[in-house]
Amino acid sequence: MRRAAALLFLGALVGCAAGERPVAAPSAPAPLRAGLDASPDPYPSTYRPGPSQRLAIVGATVLTGTGAEIANGTVLLADGRIEAVGAGLPVPDGYQRIDGAGRWVTPGVIDAHSHVGIWSQPDSVEAHNDVNELTEPNTAEVWAEHSVWPQDPGFDTAREAGITTLQILPGSGNLFGGRTVTLRNVPAMSVQEMKFPGAPYGLKVACGENPKRVYGGRGRSPASGMGNVAGYRRAWIDAADYRRRWDSWRASGTGDPPRRDLELETLAGVLGGEILVQNHCYRADEMAIMIDVAREFGFRIRTFHHANEAYKIAPLLAREDICVATWTNWWGYKMEVFDAIEENAALVHEAGGCAIIHSDDPTVIQHLNQEAAAALSAGRRAGLDIDEAEAIRWITANPARALGISETTGTLEPGKRADVVLWSANPFSIYARAERVWIDGASVFDRRDPGYRRHSDFLVGQPGQELRP
Amino acid sequence: MKRIACAFLFVFASTAQAQAQTAAPDPADPFPSTYQRPQSAPLAITGARILTGTGAEIANGTLLVRDGLVEAVGEGLAVPHGYQVIDARGRWVTPGIIDAHSHLGANSAPSTPLSSEANEGVAPNTAEVWVEHSVWPQDPQFRLARAGGVTTLLILPGSANLFGGRSVTLRNVPATTVQEMKFPRAPYGLKVACGENPKRTYGSRGRSPATRMGNVAGFRRGWIEAADYARRVERARTNGGEPPRRDLQLETLAGALNGEILIHNHCYRADEMAVMLDMAREFGFRIRAFHHGTEAYKLAPQLAREGVCVATWASSWGSKMEALDAVEENAPIIHQAGGCAIIHSDDATLGQRLNQEAGIALTAGRNAGINISDGEAIRWITSNPARALGIEHRVGTLEPGRMADVVLWSANPFSVYALAERVWIDGAPVWDRADPAYQRPSDFLLGQPGQEAAR
Amino acid sequence: MIARLLALLALAAAPAAAETVAVTNARLVTMGPDGTIERGTIVLRDGRIAAVGANVAAPADARVIDAGGRIVTPGLIAANTGLGLIAVRSVEAANDRAADMTGISAAFDAGDGLNPDSLLIPVARLGGITRAITTPAYDDSPGREMLFAGQAAAVALGGPMLVRRGVAMVLEMGDAGAERAGGARAAELVALRANLAEVRDYARRRAAYDRGETRDYSLSRADLEALVPVVEGRMPLLVSASRASDIRAILTLAREERLRIVLEGAAEGWRVADELVRANVPVLLTPVDNIPISFETLGATLDNARRLQAAGVLVAFQGNGNHRERELRYNAGNAVAVGLPWEQGLAAITINPARIFGLADRVGSLETGKDADLVIWDGDPLDTLGRPTAIFIRGEPQPMTSRQTLLRDRYMPSGGNQP
Amino acid sequence: MIRLLATVFLLLAALPARAETIAIVNARLLTMGPQGEIERGTVVVRDGRIAAVGANVAIPTGARVIDGNGGILTPGFIQADSTLGTVEVSQVPASADRATHHDSISAAFDISLGLNPDSILLPVARLAGITRAVVTPLYDDRGNRRLLFAGQAAVIDLGQRPDMVTRPRVAMVLEMGESGAERGGGARGAEIAALRALIDDVRHFARNLALYDRGAGRPQTLSRTDLEALIPVVEGRMPLIVRVDRAADIREAIAFARAERLRIILDGAAEGWRVADEISRAGIPVILDPMSNLPHSFAELGATMENAARLHTAGVTIILKTGSGVAHRARELRYGAGNAVAYGLPYEAALAAITINPARTFGVAERIGSIEPGKDADLVLWTGDPFEPLSQPRAILVRGVEQPLSARPLDLRDRYRSMN
């Protein structure tokens with residue numbers, strides 16, 4: 001709330017053309033008109049946690065997301081935060097007790113790769129396809145949040161499957177697809193009400209077949225893998241130059257400011273480390289090249305997405321501290337995913353890397369726990385001894401890390417946001433269903449209570465809704 | 001609050017400046033209005049039920065008009081000597097109807113391949129075009145709208161582009177040139193369009209925008225350029241030196257940033273409106289009205305707080321995905337939240353019966369338990385659109401001193417049976433259903449088949 | 001709140017058993033021989049109207065609805081609409097009103113592919129509409145220039161949807177028809193006559209056709225078959241035309257080819273009203289059309305309906321299309337506002353369309369033995385200020401909700417906004 | 001190490017599939033046949049067939065014994081509506097034989113011709129317990145091709161034998177609903193009108209073959225080969241797989257089938273639960289994806305995870321598929337069945353829906369679909385509940401031949417594990 005007020009105040013200053021750099025150092029240039037300099041947060045989050053009460057989930061098997069498994073565990077939630085987690089903790093007075101005996105508790109599931117809201121249901125409708133600004137190979141200036149339709153029924157079905165946070169990325173048709181946005185999966189009227197407060201922005205970068213097919217097919221660059229890389233490098237050179245010009249203008253305090261450029265602003269944000277690179281890249285050799293490109297221009301890649309060949313270079317990725325967001329079951333629909341194996345995540349994990357199971361799909365997002373289970377099962381088939389407490393990190397703590405929000409969510413540790421799922425069974429079982437879901441301690445789903453279903457306005461009054469889901 | 005005050009200062013400063021540059025061709029007004037207030041005799045309408053547009057309803061009311069202005073309005077006023085008296089017992093009187101969203105004259109009848117002049121659909125940003133340069137004053141639809149009580153219209157460019165161009169506010173009088181129709185000193189508007197139309201228009205050609213996020217990037221690019229242009233103009237003005245080369249597109253956008261040009265934003269979905277409001281904050285402009293605003297009822301309190309009007313329909317819905325969630329009660333819900341609700345037409349047939357469209361909305365609202373009086377609801381087609389057009393201190397209500405735009409209705413104007421019997425603009429009669437002289441067709445229809453009895 | 005919605009939806013889904021209902025203390029505007037009964041009772045039993053009159057007693061087993069003096073009318077009939085075939089107009093997959101296949105034009109049957117779950121239906125129904133004449137539309141994809149759009153179907157907006165197939169064959173003439181026949185009106189008339197001759201030839205020689213022993217026809221077999229009832233005068237041709245001269249040309253064609261015609265559009269119909277009367281051709285029109293939107297509608301006037309009716313033409317009204325079909329009654333009201341007698345305004349959306357499309361034995365008026373389609377109104381049914389308070393189709397009470405009222409309730413300050 | 005692995009693999013692959021005598025003992029048998037569930041039993045396999053099944057079956061001398069260790073033995077699964085054997089890389093046209101865009105071949109397209117027994121997808125699916133598949137053609141609508149039928153389906157086995165066709169031409173595939181309407185001229189009504197005309201044409205053709213041979217007969221819009229392919233359909237001998245989702249479309253399809261006296265199988269049926277009683281009364285089996293719960297189109301607004309359970313409760317014969325026919329995702333079949341169980345489908349019914357139900361529906365129940373003496377020995381021995389991701393197959397037999405528990409992705413895995 002305080003944060004929201006501060007942002008409003010900032011907005012007021014901008015409205016008065018007073019500029020958003022409140023303290024002018026002697027050498028600093030005069031403040032610019034509103035909109036002529038990058039504003040730190042022009043579309044601020046207005047997310048507010050729903051009402052919460054003090055809760056004690058008692059007697060469940062708890063996978064904390066830190067690697068621990070607690071039998072007969074108690075999880076205490078207060079003021080929207082995790083208060084305590086442990087075996088057989090006493091329940092203080094005034095806590096609503098929820099019997100978790102025979103059930104399992106995990107952190108809220110985080111999907112590191114989703115297009116829900118920007119490729120909305122019904123996704124057969126052309127007007128609902130807002131995922132790819134397929135007009136230029138570099139559209140770093142677009143922001144996925146400006147395509148998000150909060151009424152996509154896909155948000156609801158994902159919430160009913162335990163998804164509490166998700167990163168929405170532009171598609172992979174362009175080399176630079178635009179900014180990503182990280183959302184809290186709460187019913188909302190505007191996208192701002194869903195934006196994860198303080199989450200850093202991401203930049204979608206795409207390797208491989210998609211950009212070269214889209215633009216090569218139109219007789220434009222890129223038309224080949226080498227064209228892709230030339231396109232990246234050209235853009236990073238422009239961005240570095242843009243940064244240099246702003247820095248020098250700010251330092252000198254005189255002359256015309258550089259002309260603001262939304263595309264370069266986003267790329268410069270990556271060079272400055274404020275925006276995280278989320279890189280769609282399937283093949284091991286291409287990932288190795290992207291790592292060199294990052295070195296050449298001095299930025300870091302936060303995550304390789306899809307990365308079906310990550311297992312081929314797992315030690316390198318672990319060393320570089322780059323997360324790998326991937327599937328278990330998907331493969332073979334194009335050449336660059338031909339070498340996908342079910343053990344990808346397990347092998348990345350075994351090498352000490354940050355493995356993530358993601359969805360990229362409105363159905364798979366409803367079964368991320370099962371997708372992780374299949375990965376775990378394949379890992380065990382291959383002789384990797386990974387326990388469930390570790391594997392749950394693939395859909396909780398590790399995606400939180402990839403999204404730059406692991407300070408506040410992704411694990412059940414005291415002080416963190418109370419994003420919690422109560423499962424009917426071991427979440428690695430096909431029969432496990434999310435029975436209850438909390439976001440910041442607020443109940444957002446209860447399978448027995450029909451009041452939690454069918455948020456989306458789209459489905460109101462439509463055929464078949466009487467018995468959903 | 002502070003922000004509002006600042007914005008107000010801005011407007012004040014700029015108008016002061018405009019007034020300082022007297023007479024002569026005004027570079028800020030290169031196509032000046034030549035509208036002449038017609039001569040008119042003093043007029044008294046007595047015994048009517050008057051909806052003043054301020055929210056009041058006066059039974060057995062008298063309206064006095066003199067010198068083209070409303071002189072007095074009240075219950076059982078004495079009629080001074082020398083006034084033409086119209087006995088309006090059993091009938092109703094309202095301010096002239098204002099259509100906040102029309103394409104008359106730009107999309108003229110008959111519809112031919114070349115009569116569609118509302119969309120300069122060639123580039124996502126065509127802020128440089130002015131819709132008045134597409135208006136054909138002989139469009140027969142103007143007279144039909146007049147017969148429906150419409151005295152003032154906002155003519156807008158279409159919604160194919162992100163920035164469609166300048167709008168123009170017209171007096172609905174028979175005229176030969178568009179300048180003769182231009183509402184004197186009405187501010188210009190800028191048409192901005194969200195959603196499906198721009199992305200469909202350009203995405204299908206492989207150009208940006210192809211998505212909603214592409215729309216927003218396009219808007220922001222436009223505003224950045226405009227802010228930079230405004231900065232360079234101001235610097236030249238304060239520090240001397242070379243002003244930037246004049247750019248018609250940026251001139252319009254800079255005018256919108258400075259508050260001199262009002263932003264009329266075609267936008268259906270609630271979430272898109274919320275993004276546009278943030279963008280307005282980012283660049284320091286204000287959105288005067290959301291048009292169509294099908295989902296405004298979903299964020300009615302916020303729109304009321306922000307002081308943004310919503311021009312919408314009661315009946316139209318469902319023609320595309322973004323219009324699927326329309327409800328008949330949109331205007332009543334906005335009204336109840338304290339917002340500025342407007343019923344608009346965007347259609348030449350509907351524009352002839354905005355009163356009925358308001359009646360549909362009003363009845364639906366009452367049916368849903370929102371009790372709004374007739375006196376309040378008439379504001380949706382009178383004083384509220386006047387506010388959206390920036391002419392609320394001159395028209396839109398029957399208050400002393402306001403321009404005497406008046407409609408005399410045969411019955412309760414919210415009824416389907418109510419006909420505009422007589423209409424005055426600036427106190428001069430422009431329509432009388434009983435007098436064939438007023439049913440004179442436009443030049444185009446002269447001598448065409450069926451005109452002897454068509455209307 | 002949610003539970004209530006679910007209950008309502010369940011009501012919509014499950015066909016309720018047709019109970020016996022007596023609406024008492026009603027102002028019955030029957031549109032039938034009984035005229036208007038100032039204070040009467042109407043009894044609905046087994047989906048039919050069992051009794052109607054001033055001195056009818058409510059049966060003992062009947063659920064009694066006291067209308068409190070309110071107006072009761074027959075259910076309204078929306079003619080020439082896409083109801084049941086359309087969801088969102090601009091979404092291709094949600095639109096089954098038009099086909100762009102080259103082998104299927106007259107054979108296209110609007111009675112196939114109907115969607116009783118269409119969310120347009122409750123919206124229209126809340127406008128008092130209980131039946132519709134659903135018509136096909138044209139899809140003029142490049143290269144497709146088929147003259148006929150296909151066959152109209154009579155549908156109900158509650159209960160089993162399809163009532164009767166083939167109530168008319170749809171044909172556009174005038175500007176649009178000419179465009180489809182090579183750009184000139186004369187070409188369309190020639191092509192039409194040639195087609196009709198083919199159909200007559202085919203109808204006489206089906207066996208030879210099956211043996212491949214006929215001349216080549218320009219139409220597919222399915223289309224030929226579909227046009228047989230038209231040339232035999234059993235199925236009316238619903239012809240769109242606006243210009244007075246176009247209407248005259250159609251009357252000539254109909255006379256020479258012995259076709260039954262229903263004229264649609266007819267913006268300048270008032271200029272040839274007497275000829276229409278003499279030819280006994282009914283007219284389906286939109287009474288608020290007064291804009292000279294094309295050169296064929298220069299004579300458009302709000303006075304059209306009144307003049308045609310006064311001349312003795314059987315007139316029916318159409319709504320404003322699909323999503324805006326609920327404005328049908330306002331259209332009638334506007335015709336009344338400019339001089340059409342009120343009863344005629346109501347007739348134009350009840351008994352007249354029923355007569356025109358051969359449904360008057362079942363619907364269109366409140367008469368004993370007819371289907372129990374009726375609407376109870378809280379005011380004048382033709383006025384914006386009046387609304388239905390209860391709607392029956394075949395004796396079944398219809399839910400008074402639509403997706404729009406559900407949305408409204410969700411966002412009303414008093415409503416249950418979010419779960 | 002690598003060389004060793006490669007050698008072993010090559011040897012294994014090169015070995016002629018030899019049908020030995022095998023006894024699987026000490027397993028929990030889910031037979032899906034008259035014997036129901038046998039808590040601890042034995043299955044004897046000889047000459048590729050099941051020779052004996054029971055709790056007290058003697059082990060023939062010379063038989064190789066596989067100890068089930070108390071695991072579960074099921075019939076091999078049948079993936080209905082698949083493109084296995086016709087595709088390697090979906091986006092590489094040359095590797096896909098799922099559809100034709102020939103302008104005069106539609107119904108005559110026979111997918112059993114041109115299958116690839118060496119497809120690397122087969123072992124991947126097999127590792128998920130799938131031993132047979134119903135391979136169905138897709139549409140290729142390039143250019144102005146708007147032919148209504150996709151072609152004919154076949155039942156294949158995944159044993160990677162050269163003759164992989166279990167039974168060709170088991171059904172004709174037809175899309176109705178939204179995409180069918182698009183192909184039928186942009187509106188559902190047009191497609192139905194066109195279909196009626198076509199069926200009438202086929203009947204006329206069938207009655208007047210001699211006439212046609214004389215070059216006479218009614219003009220036909222379909223090619224002769226398509227007409228011939230459709231004769232078994234109009235005569236009710238070949239079922240028509242009708243792909244359709246919307247409740248109203250399902251009703252249309254049922255009415256259409258009744259009027260034209262066709263046998264149909266519904267495929268998709270996202271809103272099938274809303275008309276379950278009508279489907280049940282008409283005795284029509286339904287192929288559905290139990291994971292389909294999103295309103296992907298206006299035809300699927302009522303999609304729900306409970307579709308399978310509700311249809312089953314209404315008495316409909318259901319067949320489960322996953323991944324909407326995407327061959328690469330065939331292995332998710334068992335997870336789909338598990339999810340259906342999680343949403344209310346009885347366990348037995350879910351297993352039937354991927355074994356005996358598709359076998360019956362496609363006319364191959366005399367050979368596969370259950371563990372019964374005399375049937376082909378398609379058997380999978382599982383470490384645990386086959387629907388659980390954490391379970392794995394321990395042995396897989398197709399026609400009595402034990403299949404290697406390997407596949408290209410596993411080879412890749414092992415290569416890079418040893419390298420890293």
# chains A, B, ... in the order shown; residues from 1 in each chain; ligands from 1

call {"tool": "residues_around", "arguments": {"residues": "region 174-185 of chain D", "least_positions_apart": "3", "cutoff": "10 Å", "atoms": "only C-alpha atoms", "output": "PyMOL selection string"}}
result
(chain C and resi 92-96+98-105+108+113+139+141) or (chain D and resi 107+137-139+141+144-152+171+188-195+240-250+252-253+264+266-267+297-299)

call {"tool": "select_by_dssp", "arguments": {"residues": "region 124-240 of chain B", "states": "helix (DSSP H, G or I)", "output": "PyMOL selection string"}}
result
chain B and resi 131-133+141-147+196-203+212-239

call {"tool": "closest_atom_pairs", "arguments": {"of": "chain B", "to": "chain C", "cutoff": "8 Å", "atoms": "only C-alpha atoms", "output": "Markdown table"}}
result
| residue | atom | partner | partner_atom | distance |
| --- | --- | --- | --- | --- |
| B:Ser108 | CA | C:Ile293 | CA | 8.0 |
| B:Ala109 | CA | C:Ile293 | CA | 4.7 |
| B:Pro110 | CA | C:Ile293 | CA | 4.0 |
| B:Ser111 | CA | C:Ile293 | CA | 5.2 |
| B:Thr112 | CA | C:Ser294 | CA | 7.1 |
| B:Pro140 | CA | C:Pro292 | CA | 7.5 |
| B:Gln141 | CA | C:Ile291 | CA | 6.7 |
| B:Leu144 | CA | C:Ile291 | CA | 7.9 |
| B:Tyr297 | CA | C:Tyr411 | CA | 6.9 |
| B:Lys298 | CA | C:Tyr411 | CA | 5.9 |
| B:Ser315 | CA | C:Arg324 | CA | 6.5 |
| B:Ser316 | CA | C:Arg324 | CA | 6.3 |
| B:Trp317 | CA | C:His323 | CA | 6.2 |
| B:Gly318 | CA | C:Val88 | CA | 5.6 |
| B:Ser319 | CA | C:Arg89 | CA | 4.9 |
| B:Lys320 | CA | C:Ser90 | CA | 5.2 |
| B:Met321 | CA | C:Val88 | CA | 6.6 |
| B:Leu324 | CA | C:Val88 | CA | 7.6 |
| B:Asp325 | CA | C:Gln404 | CA | 6.9 |
| B:Ala326 | CA | C:Gln404 | CA | 6.8 |
| B:Val327 | CA | C:Gln404 | CA | 5.2 |
| B:Glu328 | CA | C:Gln404 | CA | 7.7 |
| B:Glu329 | CA | C:Arg408 | CA | 7.1 |
| B:Ile333 | CA | C:Met412 | CA | 7.1 |
| B:Ala348 | CA | C:Ile291 | CA | 7.8 |
| B:Thr349 | CA | C:Asp289 | CA | 7.2 |
| B:Gln356 | CA | C:Thr384 | CA | 6.5 |
| B:Gly359 | CA | C:Thr384 | CA | 5.7 |
| B:Ile360 | CA | C:Thr384 | CA | 5.2 |
| B:Thr363 | CA | C:Leu385 | CA | 5.6 |
| B:Phe414 | CA | C:Thr384 | CA | 7.1 |
| B:Ser415 | CA | C:Thr384 | CA | 5.7 |
| B:Val416 | CA | C:Asp383 | CA | 5.0 |
| B:Tyr417 | CA | C:Ala337 | CA | 4.4 |
| B:Ala418 | CA | C:Ala337 | CA | 6.9 |
| B:Leu419 | CA | C:Ala337 | CA | 7.1 |
| B:Leu445 | CA | C:Leu298 | CA | 7.5 |
| B:Gln448 | CA | C:Leu298 | CA | 7.0 |
| B:Pro449 | CA | C:Gly299 | CA | 6.0 |
| B:Gly450 | CA | C:Gly299 | CA | 4.5 |
| B:Gln451 | CA | C:Gly299 | CA | 6.1 |
| B:Ala453 | CA | C:Thr301 | CA | 7.8 |
| B:Ala454 | CA | C:Thr301 | CA | 4.7 |
| B:Arg455 | CA | C:Thr301 | CA | 4.9 |

call {"tool": "closest_atom_pairs", "arguments": {"of": "chain B", "to": "chain A", "cutoff": "6 Å", "atoms": "only C-alpha atoms", "output": "JSON lines"}}
result
{"residue": "B:Arg3", "atom": "CA", "partner": "A:Ala12", "partner_atom": "CA", "distance": 5.0}
{"residue": "B:Cys6", "atom": "CA", "partner": "A:Cys16", "partner_atom": "CA", "distance": 5.5}
{"residue": "B:Gly206", "atom": "CA", "partner": "A:Thr135", "partner_atom": "CA", "distance": 5.6}
{"residue": "B:Arg207", "atom": "CA", "partner": "A:Thr135", "partner_atom": "CA", "distance": 5.1}
{"residue": "B:Ser208", "atom": "CA", "partner": "A:Thr135", "partner_atom": "CA", "distance": 5.4}
{"residue": "B:Ala210", "atom": "CA", "partner": "A:Glu133", "partner_atom": "CA", "distance": 5.4}
{"residue": "B:Thr211", "atom": "CA", "partner": "A:Asp130", "partner_atom": "CA", "distance": 4.5}
{"residue": "B:Arg212", "atom": "CA", "partner": "A:Ser147", "partner_atom": "CA", "distance": 4.8}
{"residue": "B:Met213", "atom": "CA", "partner": "A:His146", "partner_atom": "CA", "distance": 4.5}
{"residue": "B:Gly214", "atom": "CA", "partner": "A:Val142", "partner_atom": "CA", "distance": 5.7}
{"residue": "B:Ala217", "atom": "CA", "partner": "A:Val142", "partner_atom": "CA", "distance": 5.2}
{"residue": "B:Ile224", "atom": "CA", "partner": "A:Leu36", "partner_atom": "CA", "distance": 6.0}
{"residue": "B:Asp271", "atom": "CA", "partner": "A:Ser190", "partner_atom": "CA", "distance": 4.3}
{"residue": "B:Asp278", "atom": "CA", "partner": "A:Tyr43", "partner_atom": "CA", "distance": 5.6}
{"residue": "B:Arg281", "atom": "CA", "partner": "A:Gly11", "partner_atom": "CA", "distance": 5.8}
{"residue": "B:Glu282", "atom": "CA", "partner": "A:Pro42", "partner_atom": "CA", "distance": 5.5}
{"residue": "B:Phe283", "atom": "CA", "partner": "A:Gly35", "partner_atom": "CA", "distance": 4.8}
{"residue": "B:Gly284", "atom": "CA", "partner": "A:Gly15", "partner_atom": "CA", "distance": 4.0}

call {"tool": "write_last_selection", "arguments": {"atoms": "all heavy atoms", "output": "short mmCIF file (atom, residue, chain, number, x, y, z; two decimals), in the first residue's frame"}}
result
data_model
loop_
_atom_site.label_atom_id
_atom_site.label_comp_id
_atom_site.auth_asym_id
_atom_site.auth_seq_id
_atom_site.Cartn_x
_atom_site.Cartn_y
_atom_site.Cartn_z
N ARG B 3 -1.58 16.89 -9.14
CA ARG B 3 -1.44 16.66 -10.56
C ARG B 3 -2.52 17.40 -11.34
O ARG B 3 -2.26 18.03 -12.35
CB ARG B 3 -1.59 15.16 -10.81
CG ARG B 3 -1.19 14.72 -12.14
CD ARG B 3 -1.03 13.22 -12.07
NE ARG B 3 -2.14 12.58 -12.72
CZ ARG B 3 -2.40 12.74 -14.01
NH1 ARG B 3 -1.67 13.52 -14.74
NH2 ARG B 3 -3.40 12.13 -14.55
N CYS B 6 -1.79 21.02 -11.50
CA CYS B 6 -0.72 21.31 -12.45
C CYS B 6 -1.27 21.32 -13.88
O CYS B 6 -1.00 22.23 -14.65
CB CYS B 6 0.37 20.26 -12.36
SG CYS B 6 1.27 20.36 -10.83
N GLY B 206 1.46 -7.58 -42.12
CA GLY B 206 2.82 -7.88 -41.70
C GLY B 206 3.55 -6.68 -41.11
O GLY B 206 4.77 -6.65 -41.03
N ARG B 207 2.77 -5.69 -40.68
CA ARG B 207 3.39 -4.50 -40.11
C ARG B 207 3.00 -4.38 -38.65
O ARG B 207 2.00 -4.94 -38.22
CB ARG B 207 2.88 -3.24 -40.84
CG ARG B 207 3.29 -3.14 -42.28
CD ARG B 207 2.67 -1.91 -42.91
NE ARG B 207 3.09 -0.69 -42.23
CZ ARG B 207 2.65 0.53 -42.53
NH1 ARG B 207 1.77 0.68 -43.50
NH2 ARG B 207 3.07 1.59 -41.87
N SER B 208 3.76 -3.59 -37.93
CA SER B 208 3.41 -3.32 -36.54
C SER B 208 2.31 -2.25 -36.52
O SER B 208 2.35 -1.33 -37.35
CB SER B 208 4.64 -2.82 -35.79
OG SER B 208 4.35 -2.69 -34.43
N ALA B 210 0.87 -5.72 -34.48
CA ALA B 210 0.21 -6.99 -34.79
C ALA B 210 -0.40 -7.59 -33.54
O ALA B 210 -1.08 -8.60 -33.61
CB ALA B 210 1.21 -7.96 -35.41
N THR B 211 -0.10 -6.99 -32.39
CA THR B 211 -0.61 -7.49 -31.11
C THR B 211 -0.95 -6.29 -30.24
O THR B 211 -0.60 -5.15 -30.56
CB THR B 211 0.47 -8.30 -30.35
OG1 THR B 211 1.61 -7.45 -30.12
CG2 THR B 211 0.90 -9.52 -31.13
N ARG B 212 -1.59 -6.56 -29.14
CA ARG B 212 -1.89 -5.45 -28.22
C ARG B 212 -0.60 -4.87 -27.64
O ARG B 212 -0.50 -3.68 -27.42
CB ARG B 212 -2.84 -5.92 -27.12
CG ARG B 212 -4.24 -6.11 -27.64
CD ARG B 212 -5.19 -6.51 -26.52
NE ARG B 212 -6.57 -6.36 -26.94
CZ ARG B 212 -7.27 -7.24 -27.64
NH1 ARG B 212 -6.68 -8.35 -28.02
NH2 ARG B 212 -8.53 -7.03 -27.96
N MET B 213 0.38 -5.70 -27.38
CA MET B 213 1.63 -5.14 -26.86
C MET B 213 2.30 -4.29 -27.93
O MET B 213 2.95 -3.29 -27.61
CB MET B 213 2.56 -6.24 -26.32
CG MET B 213 3.00 -7.30 -27.29
SD MET B 213 3.92 -8.60 -26.40
CE MET B 213 4.27 -9.72 -27.76
N GLY B 214 2.09 -4.66 -29.19
CA GLY B 214 2.58 -3.82 -30.28
C GLY B 214 1.83 -2.49 -30.32
O GLY B 214 2.43 -1.43 -30.58
N ALA B 217 3.41 -0.32 -27.59
CA ALA B 217 4.73 0.17 -27.99
C ALA B 217 4.57 1.30 -29.01
O ALA B 217 5.30 2.30 -28.97
CB ALA B 217 5.56 -0.97 -28.56
N ILE B 224 6.69 9.62 -27.07
CA ILE B 224 8.08 10.04 -26.83
C ILE B 224 8.49 11.09 -27.87
O ILE B 224 9.06 12.13 -27.54
CB ILE B 224 9.03 8.82 -26.88
CG1 ILE B 224 8.81 7.94 -25.64
CG2 ILE B 224 10.48 9.26 -26.98
CD1 ILE B 224 9.53 6.60 -25.71
N ASP B 271 -9.32 -4.01 -19.00
CA ASP B 271 -7.89 -4.11 -18.73
C ASP B 271 -7.10 -3.20 -19.66
O ASP B 271 -6.08 -2.63 -19.27
CB ASP B 271 -7.42 -5.57 -18.86
CG ASP B 271 -7.78 -6.19 -20.20
OD1 ASP B 271 -8.97 -6.19 -20.54
OD2 ASP B 271 -6.88 -6.65 -20.90
N ASP B 278 -2.46 4.21 -17.16
CA ASP B 278 -1.06 4.26 -16.73
C ASP B 278 -0.21 5.01 -17.75
O ASP B 278 0.69 5.78 -17.38
CB ASP B 278 -0.50 2.84 -16.55
CG ASP B 278 -0.71 2.31 -15.14
OD1 ASP B 278 -1.23 3.08 -14.30
OD2 ASP B 278 -0.38 1.15 -14.88
N ARG B 281 -0.40 8.62 -17.35
CA ARG B 281 0.44 9.08 -16.25
C ARG B 281 1.90 9.14 -16.67
O ARG B 281 2.62 10.06 -16.34
CB ARG B 281 0.29 8.12 -15.07
CG ARG B 281 -0.48 8.72 -13.94
CD ARG B 281 -0.71 7.72 -12.83
NE ARG B 281 -2.11 7.70 -12.56
CZ ARG B 281 -2.89 6.65 -12.66
NH1 ARG B 281 -2.38 5.47 -12.97
NH2 ARG B 281 -4.16 6.75 -12.43
N GLU B 282 2.31 8.12 -17.43
CA GLU B 282 3.72 8.07 -17.85
C GLU B 282 4.09 9.32 -18.63
O GLU B 282 5.20 9.84 -18.48
CB GLU B 282 3.96 6.81 -18.69
CG GLU B 282 5.40 6.65 -19.17
CD GLU B 282 5.62 5.42 -20.05
OE1 GLU B 282 4.63 4.81 -20.49
OE2 GLU B 282 6.80 5.08 -20.29
N PHE B 283 3.17 9.80 -19.47
CA PHE B 283 3.52 10.92 -20.34
C PHE B 283 2.85 12.22 -19.92
O PHE B 283 3.01 13.23 -20.59
CB PHE B 283 3.19 10.57 -21.80
CG PHE B 283 4.06 9.47 -22.32
CD1 PHE B 283 3.62 8.16 -22.34
CD2 PHE B 283 5.36 9.74 -22.74
CE1 PHE B 283 4.44 7.14 -22.78
CE2 PHE B 283 6.18 8.71 -23.19
CZ PHE B 283 5.73 7.41 -23.20
N GLY B 284 2.11 12.17 -18.83
CA GLY B 284 1.57 13.41 -18.30
C GLY B 284 0.43 14.00 -19.09
O GLY B 284 0.26 15.21 -19.14
#
